[in-house]
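Q: Next up is a structure, given as structure tokens.
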Amino acid sequence: MVSLLPEEDATLVTSEAKDISYITNDIPPYRGKILAVVTSTDTMGTSTKSTGYELTELARAYYVFKANGFEVDIASPLGGLPPVVVDDDDMGEFDYAFLNDDVPQNKLKNSLPLKDVDTQAYEAIYFVGGKGAMFDFPDNKYLQEIIRDFHYNNKVIGAVCHGPAAFVNVKLNNGDWFLKNKKVSSFTNKEELLLIPNATTIFPFLLQDKLIEQGGEFQEGIMYLEKMSRDENLITGQNPWSVWVLAEAMVQQMGYTPKPRLITAEENAVKVLEVYETKGLDNSKAVINKMILENNQSVSRSLLVNHSIVAAIQGDLTRFRNMLQLAAYVKGKTNN
């Protein structure tokens with residue numbers, strides 16, 4: 001399994017936004033501001049498990065918004081420096097660039113307390129995931145007021161992974177749940193319970209269950225693969241692999257064509273896995289051939305190997321072997 005992983009790129013950790021053409025070139029005229037909201041919670045309830053916002057879920061959306069002409073402010077329930085979760089296995093060029101970028105890092109150190117947010121200053125709002133959101137997003141009166149304000153002013157509202165916890169217990173002026181009859185996605189019960197078997201005792205609720213309970217029409221995608229739901233101005237994503245498409249959908253919903261972007265190796269691996277789940281092993285290999293040989297694109301072997309581990313945890317030995325076979329197939333088509 002280790003032999004299937006690519007060599008580590010030592011230059012990744014020094015990535016800088018100024019060197020990424022998508023971020024710096026052909027920026028459209030200023031289009032306004034977007035507010036990103038992250039959790040202030042650093043521990044999962046009464047457990048000893050640390051948490052925070054997911055760096056990749058903020059970094060990637062931040063640069064999509066920036067590349068498309070928007071300024072991004074960052075807010076949190078308490079204000080100040082919020083706790084962060086950095087998953088080394090998922091870190092890519094944009095994520096390290098975000099860590100090395102003084103502008104967003106200063107925004108994080110001085111994140112706006114929700115009570116001080118001026119909703120009129122923003123064109124859209126984006127709720128970043130991270131398990132801490134399960135504890136300090138629901139029942140936050142300032143957050144509820146902000147969501148109602150954006151809703152009644154027909155502004156775009158986005159959220160990914162555990163970010164939709166912001167919508168829990170939000171009621172409209174007529175007494176209806178905000179989520180009533182709205183299509184919505186979030187981290188699913190299956191995804192949560194596979195990673196944390198005792199999630200029902202750690203979290204105040206399972207997010208999928210609560211969104212359904214409050215009237216949401218839950219849209220569940222394949223486990224740990226991209227899934228986005230769109231219900232007019234409400235745009236939500238299932239997990240971290242949904243961030244790119246969700247952020248670009250928010251830009252589109254605000255009336256703009258998202259700027260062209262090179263698809264990442266991770267995104268290509270997600271597409272390969274989607275084909276595997278829906279059309280089988282041979283078709284997924286054909287997609288790999290097209291990506292690598294015809295389009296000169298990369299496919300993340302690391303993500304394929306990670307999915308083999310998920311299959312092993314689930315006891316699905318056939319899928320475990322097939323994931324490793326796909327990783328080996330990608331390796332055979334590349335030079336490293």
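Ordering of the structure tokens sets the chain letters (A, B, ...), residue numbers begin anew at 1 in every chain, and ligands are numbered from 1 in the order given.
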Quick one: which segment 288-330 of chain A residues come within 12 Å of segment 202-224 of chain A, and what is the nearest atom pair for each with the distance in Å to one decimal, counting only C-alpha atoms, rows ordered by chain and ascending number, as JSON lines?
A:
```
{"residue": "A:Leu303", "atom": "CA", "partner": "A:Tyr224", "partner_atom": "CA", "distance": 10.2}
{"residue": "A:Leu304", "atom": "CA", "partner": "A:Tyr224", "partner_atom": "CA", "distance": 11.3}
{"residue": "A:Asn306", "atom": "CA", "partner": "A:Tyr224", "partner_atom": "CA", "distance": 10.3}
{"residue": "A:His307", "atom": "CA", "partner": "A:Tyr224", "partner_atom": "CA", "distance": 8.4}
{"residue": "A:Ser308", "atom": "CA", "partner": "A:Tyr224", "partner_atom": "CA", "distance": 12.0}
{"residue": "A:Val310", "atom": "CA", "partner": "A:Tyr224", "partner_atom": "CA", "distance": 9.3}
{"residue": "A:Ala311", "atom": "CA", "partner": "A:Met223", "partner_atom": "CA", "distance": 10.7}
{"residue": "A:Gln314", "atom": "CA", "partner": "A:Met223", "partner_atom": "CA", "distance": 11.6}
```
Q: Produce a file of the selected residues containing N, CA, C and O atoms, as a tab-separated table (two decimals), in the first residue's frame.
A:
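This is the output file again.tsv:
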```tsv
chain	number	residue	atom	x	y	z
A	303	LEU	N	-5.73	9.62	-2.40
A	303	LEU	CA	-7.16	9.54	-2.12
A	303	LEU	C	-7.70	8.14	-2.41
A	303	LEU	O	-8.53	7.62	-1.68
A	304	LEU	N	-7.21	7.53	-3.48
A	304	LEU	CA	-7.64	6.16	-3.80
A	304	LEU	C	-7.21	5.19	-2.69
A	304	LEU	O	-7.98	4.32	-2.30
A	306	ASN	N	-6.68	6.01	0.43
A	306	ASN	CA	-7.52	6.31	1.59
A	306	ASN	C	-8.87	5.63	1.50
A	306	ASN	O	-9.41	5.14	2.50
A	307	HIS	N	-9.42	5.57	0.29
A	307	HIS	CA	-10.71	4.89	0.12
A	307	HIS	C	-10.56	3.38	0.27
A	307	HIS	O	-11.51	2.70	0.65
A	308	SER	N	-9.39	2.86	-0.01
A	308	SER	CA	-9.17	1.43	0.25
A	308	SER	C	-9.20	1.16	1.75
A	308	SER	O	-9.71	0.14	2.20
A	310	VAL	N	-10.93	2.94	3.94
A	310	VAL	CA	-12.35	3.02	4.32
A	310	VAL	C	-13.04	1.70	4.03
A	310	VAL	O	-13.81	1.19	4.85
A	311	ALA	N	-12.75	1.12	2.86
A	311	ALA	CA	-13.36	-0.16	2.50
A	311	ALA	C	-12.95	-1.26	3.49
A	311	ALA	O	-13.76	-2.11	3.86
A	314	GLN	N	-14.88	-0.99	6.61
A	314	GLN	CA	-16.25	-1.47	6.39
A	314	GLN	C	-16.32	-2.98	6.19
A	314	GLN	O	-17.40	-3.55	6.14
```
Q: Within 9 Å of Met91 of chain A, counting only C-alpha atoms, which residues qualify if same-chain residues fewer than 3 places away don't, as a list in words?
A: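 Listed by chain and then number, they are Leu12, Val13, Leu55, Thr56, Val86, Asp87, Asp88, Phe94, Asp95 and Tyr96 of chain A.
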Q: Would you mind listing what lies within 9 Å of segment 166-172 of chain A as a ChimeraX atom specification, with only C-alpha atoms counted and same-chain residues fewer than 5 positions away left out?
A: /A:127,133-134,136-141,143-145,147-148,151,159,177-179,207,210-211,214
Q: Convert the current residue selection to file output with C-alpha atoms, as a compact mmCIF listing (two decimals), in the first residue's frame.
A:
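Final file, selection-v5.txt:
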```
# COMPACT_ATOMS: atom_id res chain seq x y z
CA PHE A 127 -20.48 28.35 6.80
CA ALA A 133 -19.73 23.72 14.45
CA MET A 134 -22.01 21.04 15.91
CA ASP A 136 -21.60 26.46 18.80
CA PHE A 137 -23.54 27.02 15.58
CA PRO A 138 -26.98 25.69 16.67
CA ASP A 139 -28.85 27.98 19.07
CA ASN A 140 -26.52 30.95 18.50
CA LYS A 141 -28.98 33.86 18.41
CA LEU A 143 -26.18 33.35 13.78
CA GLN A 144 -29.92 32.83 13.54
CA GLU A 145 -30.49 36.55 13.02
CA ILE A 147 -29.35 33.68 8.46
CA ARG A 148 -32.82 35.20 8.57
CA HIS A 151 -32.72 34.78 3.60
CA ALA A 159 -22.44 25.66 3.93
CA TRP A 177 -38.18 26.01 10.27
CA PHE A 178 -35.73 27.67 7.89
CA LEU A 179 -35.04 24.25 6.35
CA LEU A 207 -26.58 16.35 11.65
CA LYS A 210 -31.60 16.91 12.65
CA LEU A 211 -31.79 18.50 9.20
CA GLN A 214 -36.61 20.17 10.80
```
Q: Please extract the residues of segment 86-307 of chain A with a backbone DSSP assignment of strand (DSSP E or B) and present them as a ChimeraX atom specification.
A: /A:112-113,124-127,156-160,171,177,183-184,217-218,228-231,234-237
Q: Restricting it to C-alpha atoms, dump the selection as a PDB file, in the first residue's frame.
A:
```pdb
ATOM      1  CA  LEU A 112     -15.255  39.132  13.757  1.00  0.00           C
ATOM      2  CA  PRO A 113     -17.523  38.143  16.640  1.00  0.00           C
ATOM      3  CA  ALA A 124     -23.175  36.016   0.514  1.00  0.00           C
ATOM      4  CA  ILE A 125     -22.324  33.945   3.567  1.00  0.00           C
ATOM      5  CA  TYR A 126     -20.426  30.648   3.760  1.00  0.00           C
ATOM      6  CA  PHE A 127     -20.477  28.346   6.796  1.00  0.00           C
ATOM      7  CA  VAL A 156     -26.719  33.451  -1.231  1.00  0.00           C
ATOM      8  CA  ILE A 157     -26.191  31.130   1.757  1.00  0.00           C
ATOM      9  CA  GLY A 158     -23.634  28.330   1.499  1.00  0.00           C
ATOM     10  CA  ALA A 159     -22.442  25.657   3.927  1.00  0.00           C
ATOM     11  CA  VAL A 160     -20.343  22.507   3.729  1.00  0.00           C
ATOM     12  CA  LYS A 171     -37.024  29.679  12.426  1.00  0.00           C
ATOM     13  CA  TRP A 177     -38.183  26.009  10.266  1.00  0.00           C
ATOM     14  CA  LYS A 183     -33.000  20.534  -0.448  1.00  0.00           C
ATOM     15  CA  VAL A 184     -29.932  20.232   1.748  1.00  0.00           C
ATOM     16  CA  GLU A 217     -35.171  17.327   2.004  1.00  0.00           C
ATOM     17  CA  PHE A 218     -31.863  15.607   2.607  1.00  0.00           C
ATOM     18  CA  MET A 228     -23.749  19.410  -3.662  1.00  0.00           C
ATOM     19  CA  SER A 229     -27.379  20.431  -3.232  1.00  0.00           C
ATOM     20  CA  ARG A 230     -28.861  23.618  -4.576  1.00  0.00           C
ATOM     21  CA  ASP A 231     -32.213  25.085  -3.571  1.00  0.00           C
ATOM     22  CA  LEU A 234     -29.250  27.815  -0.422  1.00  0.00           C
ATOM     23  CA  ILE A 235     -26.212  25.824  -1.553  1.00  0.00           C
ATOM     24  CA  THR A 236     -24.832  23.020   0.598  1.00  0.00           C
ATOM     25  CA  GLY A 237     -22.159  20.332   0.311  1.00  0.00           C
TER      26      GLY A 237
END
```
Q: For each of A:Tyr22, A:Glu294, A:Ser111, A:Lys66, take the minimum atom-to-atom distance to Ile263 of chain A, counting only C-alpha atoms, then give the residue where this is smallest.
A: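 Closest to Ile263 of chain A of all the choices is A:Tyr22.
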Q: Check segment 108-215 of chain A with DSSP on the backbone and list each residue it calls alpha helix (DSSP H), as a ChimeraX atom specification.
A: /A:108-109,133-136,141-152,189-195,199-202,207-213
Q: Between A:Phe187, A:Tyr329, A:Phe65, A:Phe150, which has the minimum distance to Ile27 of chain A (counting only C-alpha atoms)?
A: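 Among the listed residues, the smallest separation from Ile27 of chain A belongs to A:Phe65.
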Q: I'd like the interatomic distance between atom CA of Tyr30 of chain A and atom CA of Trp241 of chain A, to a tenth of an Å.
A: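 Separating atom CA of Tyr30 of chain A from atom CA of Trp241 of chain A is a distance of 27.7 Å.
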